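What follows is the content of query.cif (mmCIF, C-alpha atoms).
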data_my_file
loop_
_atom_site.label_atom_id
_atom_site.label_comp_id
_atom_site.auth_asym_id
_atom_site.auth_seq_id
_atom_site.Cartn_x
_atom_site.Cartn_y
_atom_site.Cartn_z
CA MET A 18 -1.71 -21.85 6.87
CA PRO A 19 -0.23 -18.40 7.66
CA LYS A 20 -1.23 -16.46 10.75
CA LYS A 21 -3.19 -13.35 9.81
CA LEU A 22 -2.44 -9.86 11.10
CA ALA A 23 -4.65 -6.78 11.17
CA ILE A 24 -2.74 -3.55 11.71
CA PHE A 25 -4.48 -0.58 13.33
CA GLY A 26 -3.05 2.92 12.85
CA SER A 27 -4.14 6.54 13.00
CA GLY A 28 -1.21 8.32 11.37
CA SER A 29 1.47 8.09 8.72
CA GLY A 30 1.74 4.31 8.82
CA SER A 31 5.52 3.95 8.53
CA ASN A 32 5.51 1.09 11.06
CA ALA A 33 2.57 -0.55 9.29
CA GLU A 34 4.38 -0.38 5.95
CA ASN A 35 7.57 -1.71 7.51
CA ILE A 36 5.69 -4.67 9.03
CA CYS A 37 3.94 -5.41 5.73
CA LYS A 38 7.23 -5.40 3.83
CA TYR A 39 8.99 -7.47 6.51
CA PHE A 40 6.42 -10.26 6.23
CA SER A 41 5.69 -9.93 2.49
CA ALA A 42 7.75 -13.02 1.62
CA SER A 43 6.76 -15.01 4.71
CA SER A 44 4.75 -18.18 4.39
CA ASP A 45 3.95 -18.06 8.14
CA ILE A 46 2.59 -14.52 8.61
CA GLU A 47 0.38 -12.37 6.39
CA VAL A 48 -0.95 -8.84 6.86
CA VAL A 49 -4.56 -9.11 5.69
CA LEU A 50 -6.06 -5.78 6.77
CA ILE A 51 -5.19 -2.21 7.68
CA CYS A 52 -7.72 -0.58 10.03
CA THR A 53 -7.97 3.11 10.81
CA ASN A 54 -10.26 5.63 12.42
CA LYS A 55 -8.97 8.42 10.14
CA ARG A 56 -10.04 8.35 6.52
CA ASP A 57 -7.36 10.89 5.54
CA ALA A 58 -4.45 9.30 7.45
CA PHE A 59 -1.41 8.52 5.29
CA ILE A 60 -1.59 4.88 6.44
CA VAL A 61 -4.47 4.54 3.93
CA ASN A 62 -2.17 5.60 1.05
CA ARG A 63 0.48 3.13 2.20
CA ALA A 64 -2.05 0.29 2.40
CA ASN A 65 -3.36 1.09 -1.08
CA LYS A 66 0.18 1.14 -2.46
CA LEU A 67 0.80 -2.29 -0.90
CA ASN A 68 -2.56 -3.65 -2.13
CA ILE A 69 -3.74 -4.39 1.40
CA PRO A 70 -7.45 -3.90 2.12
CA VAL A 71 -8.40 -0.97 4.36
CA TYR A 72 -11.24 -0.85 6.86
CA ILE A 73 -12.24 2.61 8.11
CA PHE A 74 -14.37 2.97 11.23
CA THR A 75 -15.56 5.67 13.60
CA LYS A 76 -14.81 5.95 17.30
CA TYR A 77 -18.41 4.88 17.95
CA GLU A 78 -17.97 1.77 15.79
CA LEU A 79 -14.76 0.92 17.65
CA ASN A 80 -16.42 1.25 21.05
CA ASN A 81 -19.51 -0.67 19.93
CA PHE A 82 -17.16 -3.25 18.31
CA THR A 83 -19.95 -5.25 16.65
CA ASP A 84 -19.20 -4.49 12.97
CA LEU A 85 -15.45 -4.28 13.51
CA HIS A 86 -15.48 -7.64 15.29
CA LYS A 87 -17.46 -9.19 12.43
CA LYS A 88 -14.92 -7.83 9.97
CA LEU A 89 -11.95 -9.26 11.91
CA GLN A 90 -13.71 -12.62 12.32
CA SER A 91 -14.69 -12.80 8.64
CA ILE A 92 -11.02 -12.87 7.65
CA ASP A 93 -9.87 -14.99 10.61
CA VAL A 94 -7.49 -12.43 12.13
CA ASP A 95 -5.11 -14.10 14.58
CA LEU A 96 -3.30 -11.04 15.90
CA VAL A 97 -4.09 -7.33 16.09
CA ILE A 98 -1.13 -4.95 15.83
CA LEU A 99 -1.42 -1.36 17.05
CA ALA A 100 1.07 0.77 15.13
CA GLY A 101 0.44 4.39 15.95
CA PHE A 102 -3.20 3.83 16.87
CA LEU A 103 -4.25 6.50 19.35
CA LEU A 104 -7.70 5.46 20.55
CA LYS A 105 -8.17 3.33 23.65
CA LEU A 106 -9.56 -0.07 22.77
CA PRO A 107 -12.89 -1.03 24.35
CA THR A 108 -12.92 -3.77 26.98
CA ILE A 109 -14.99 -6.02 24.72
CA MET A 110 -12.25 -5.94 22.06
CA VAL A 111 -9.44 -6.63 24.54
CA ASP A 112 -11.47 -9.49 26.01
CA SER A 113 -12.16 -10.90 22.53
CA TYR A 114 -8.43 -11.06 21.72
CA PRO A 115 -6.64 -11.91 25.00
CA ASN A 116 -2.85 -11.70 24.52
CA ARG A 117 -3.48 -11.23 20.80
CA ILE A 118 -3.28 -7.44 20.63
CA ILE A 119 0.21 -5.94 20.53
CA ASN A 120 1.14 -2.27 20.85
CA ILE A 121 4.38 -0.38 20.41
CA HIS A 122 5.16 2.54 22.72
CA PRO A 123 8.01 5.02 22.13
CA SER A 124 9.46 4.95 25.65
CA LEU A 125 10.82 2.47 28.13
CA LEU A 126 7.65 1.60 29.98
CA PRO A 127 6.53 1.99 32.69
CA LYS A 128 8.09 5.44 32.28
CA TYR A 129 6.21 7.92 30.09
CA GLY A 130 3.14 5.78 29.52
CA GLY A 131 -0.53 6.49 29.98
CA LYS A 132 -3.15 8.84 28.62
CA GLY A 133 -1.72 11.71 26.60
CA MET A 134 1.72 10.15 26.38
CA TYR A 135 2.30 9.65 22.67
CA GLY A 136 4.55 10.99 19.94
CA SER A 137 6.54 14.12 20.63
CA ASN A 138 4.85 14.56 24.06
CA ILE A 139 6.89 11.58 25.27
CA HIS A 140 10.18 12.66 23.71
CA LYS A 141 9.84 16.19 25.06
CA ALA A 142 9.20 14.85 28.58
CA VAL A 143 12.14 12.43 28.33
CA ILE A 144 14.52 15.24 27.34
CA GLU A 145 13.14 17.73 29.89
CA ASN A 146 13.63 15.14 32.65
CA LYS A 147 17.26 14.71 31.59
CA GLU A 148 16.94 10.97 31.02
CA THR A 149 20.11 9.27 29.79
CA GLU A 150 18.27 6.65 27.74
CA SER A 151 14.98 6.04 26.03
CA GLY A 152 13.70 3.36 23.70
CA VAL A 153 10.70 1.35 22.63
CA SER A 154 8.43 -1.03 24.49
CA ILE A 155 6.42 -3.64 22.63
CA HIS A 156 3.68 -5.01 24.86
CA PHE A 157 0.37 -6.83 25.01
CA VAL A 158 -2.67 -4.60 25.38
CA ASN A 159 -4.84 -4.84 28.46
CA GLN A 160 -7.57 -2.59 29.93
CA ASN A 161 -5.16 0.20 30.92
CA TYR A 162 -3.02 2.46 28.74
CA ASP A 163 0.48 1.02 28.31
CA GLU A 164 0.27 -1.42 31.24
CA GLY A 165 0.14 -4.76 29.42
CA GLU A 166 2.87 -7.37 29.75
CA ILE A 167 6.07 -6.27 28.00
CA ILE A 168 7.22 -8.52 25.17
CA LEU A 169 10.40 -6.68 24.21
CA GLN A 170 12.23 -3.45 25.02
CA GLU A 171 15.13 -1.89 23.17
CA LYS A 172 17.12 1.15 24.30
CA CYS A 173 18.99 4.07 22.82
CA VAL A 174 21.31 6.58 24.47
CA ILE A 175 20.21 10.18 24.79
CA SER A 176 23.04 12.58 23.99
CA SER A 177 23.61 15.83 25.85
CA ASN A 178 22.46 17.85 22.83
CA GLU A 179 19.45 15.65 22.01
CA THR A 180 16.40 17.32 20.47
CA VAL A 181 12.88 16.00 20.08
CA GLU A 182 13.56 15.58 16.35
CA THR A 183 16.79 13.60 16.77
CA LEU A 184 15.20 11.41 19.45
CA ILE A 185 12.23 10.72 17.15
CA GLN A 186 14.69 9.49 14.50
CA LYS A 187 16.42 7.17 16.97
CA ILE A 188 13.09 5.79 18.20
CA HIS A 189 11.77 5.23 14.65
CA LYS A 190 14.89 3.25 13.84
CA LEU A 191 14.33 1.03 16.90
CA GLU A 192 10.65 0.61 16.03
CA HIS A 193 11.39 -0.44 12.46
CA ASN A 194 14.16 -2.83 13.53
CA TYR A 195 12.39 -4.55 16.43
CA PHE A 196 8.59 -4.37 15.99
CA PRO A 197 8.48 -7.05 13.25
CA VAL A 198 10.88 -9.23 15.28
CA ALA A 199 8.57 -9.06 18.32
CA ILE A 200 5.53 -9.88 16.16
CA ASP A 201 7.33 -12.87 14.69
CA LYS A 202 8.23 -14.06 18.20
CA ILE A 203 4.59 -13.90 19.35
CA VAL A 204 3.20 -15.55 16.22
CA LYS A 205 5.52 -18.51 16.73
CA LYS A 206 3.88 -19.07 20.13
CA LEU A 207 0.30 -19.05 18.75
#
Would you give me this structure, written as structure tokens?
Amino acid sequence: MPKKLAIFGSGSGSNAENICKYFSASSDIEVVLICTNKRDAFIVNRANKLNIPVYIFTKYELNNFTDLHKKLQSIDVDLVILAGFLLKLPTIMVDSYPNRIINIHPSLLPKYGGKGMYGSNIHKAVIENKETESGVSIHFVNQNYDEGEIILQEKCVISSNETVETLIQKIHKLEHNYFPVAIDKIVKKL
């Protein structure tokens, strides 16, 4: 019986689509649900194109967690994947899925993590601080932003003429190459 993934996202959903395609032929892992707090996010279009059910919820429903939890339980979700999901998860959700919620962060944690550190905010700070490398951190989610146990980190070199846009491209490539690999690694331990 395959392990079931629910992917949470708030934006374009390129990582979600990449994960869905990566596991589409797998007999061990199946993406069964895309969850979002933004009805008009492009992740909804991607899910529809891939014929994956979508569950849309409000911030209140996330924090209350009752209906969302029922939904996840009704389809026996084994692992929750945060792929560009920007809301902090409530304690009750983290406690309900201990070491079963994975997030990807576009920096080498613990650097450039925490509240407000997402997307181009991170890349701008990395470049302004004249860092020589950046990368991605795939980690378990705990009660604090970006402080859960790291599962995998991958690096890229920052060139002397790096821009936010070129760094975003490098980071997206790392995300697409390594996020599914990290998920696969965790699922094999379940």
* **Residues selected by the PyMOL selection byres ((chain A and resi 167) around 10), written as a ChimeraX atom specification** => /A:119-121,125-127,154-158,163-166,168-170
* Any idea what's packed within 12 Å of Thr183 of chain A, counting all atoms listed in the file, ignoring anything in its chain fewer than 6 positions away? Could you give it as a PyMOL selection string? -> chain A and resi 137+140-141+144+173-177+189-190
Any chance you could resolve the PyMOL selection byres ((chain A and resi 105) around 9) against this file and give the residues as a tab-separated table (two decimals) with C-alpha atoms, in the coordinates of the input?
chain	number	residue	atom	x	y	z
A	80	ASN	CA	-16.42	1.25	21.05
A	102	PHE	CA	-3.20	3.83	16.87
A	103	LEU	CA	-4.25	6.50	19.35
A	104	LEU	CA	-7.70	5.46	20.55
A	106	LEU	CA	-9.56	-0.07	22.77
A	107	PRO	CA	-12.89	-1.03	24.35
A	132	LYS	CA	-3.15	8.84	28.62
A	160	GLN	CA	-7.57	-2.59	29.93
A	161	ASN	CA	-5.16	0.20	30.92
A	162	TYR	CA	-3.02	2.46	28.74
* Specify as number ranges by chain each residue included when the PyMOL selection byres ((chain A and resi 71) around 9) is applied to this file. => A: 50-53, 61, 64-65, 69-70, 72-73
* Asked: Nearest to Lys147 of chain A: which of A:Tyr129, A:Asn116, A:Glu179, A:Phe82 is it, counting all atoms listed in the file?
  -> A:Glu179
Pop segment 36-50 of chain A out of the structure in the block and write N, CA and C atoms as a short mmCIF file (atom, residue, chain, number, x, y, z; two decimals), in the first residue's frame.
data_model
loop_
_atom_site.label_atom_id
_atom_site.label_comp_id
_atom_site.auth_asym_id
_atom_site.auth_seq_id
_atom_site.Cartn_x
_atom_site.Cartn_y
_atom_site.Cartn_z
N ILE A 36 7.03 17.42 -7.44
CA ILE A 36 6.88 16.26 -6.54
C ILE A 36 5.84 15.29 -7.10
N CYS A 37 4.73 15.82 -7.56
CA CYS A 37 3.67 14.97 -8.12
C CYS A 37 4.18 14.18 -9.32
N LYS A 38 4.90 14.84 -10.19
CA LYS A 38 5.43 14.16 -11.39
C LYS A 38 6.50 13.13 -11.00
N TYR A 39 7.34 13.49 -10.04
CA TYR A 39 8.41 12.59 -9.60
C TYR A 39 7.85 11.27 -9.10
N PHE A 40 6.75 11.33 -8.34
CA PHE A 40 6.17 10.12 -7.76
C PHE A 40 5.01 9.53 -8.57
N SER A 41 4.73 10.09 -9.73
CA SER A 41 3.55 9.65 -10.51
C SER A 41 3.62 8.17 -10.89
N ALA A 42 4.80 7.64 -11.10
CA ALA A 42 4.93 6.22 -11.49
C ALA A 42 5.31 5.33 -10.31
N SER A 43 5.38 5.91 -9.12
CA SER A 43 5.80 5.14 -7.94
C SER A 43 4.66 4.27 -7.42
N SER A 44 5.01 3.09 -6.99
CA SER A 44 4.02 2.23 -6.33
C SER A 44 4.11 2.37 -4.81
N ASP A 45 5.12 3.14 -4.34
CA ASP A 45 5.35 3.32 -2.90
C ASP A 45 4.82 4.63 -2.33
N ILE A 46 4.71 5.66 -3.19
CA ILE A 46 4.34 7.00 -2.73
C ILE A 46 3.31 7.59 -3.70
N GLU A 47 2.28 8.20 -3.11
CA GLU A 47 1.22 8.80 -3.93
C GLU A 47 0.83 10.15 -3.35
N VAL A 48 0.76 11.17 -4.20
CA VAL A 48 0.24 12.47 -3.77
C VAL A 48 -1.28 12.39 -3.89
N VAL A 49 -1.98 12.53 -2.76
CA VAL A 49 -3.43 12.34 -2.76
C VAL A 49 -4.21 13.64 -2.59
N LEU A 50 -3.51 14.74 -2.23
CA LEU A 50 -4.23 15.98 -1.96
C LEU A 50 -3.28 17.17 -2.04
#
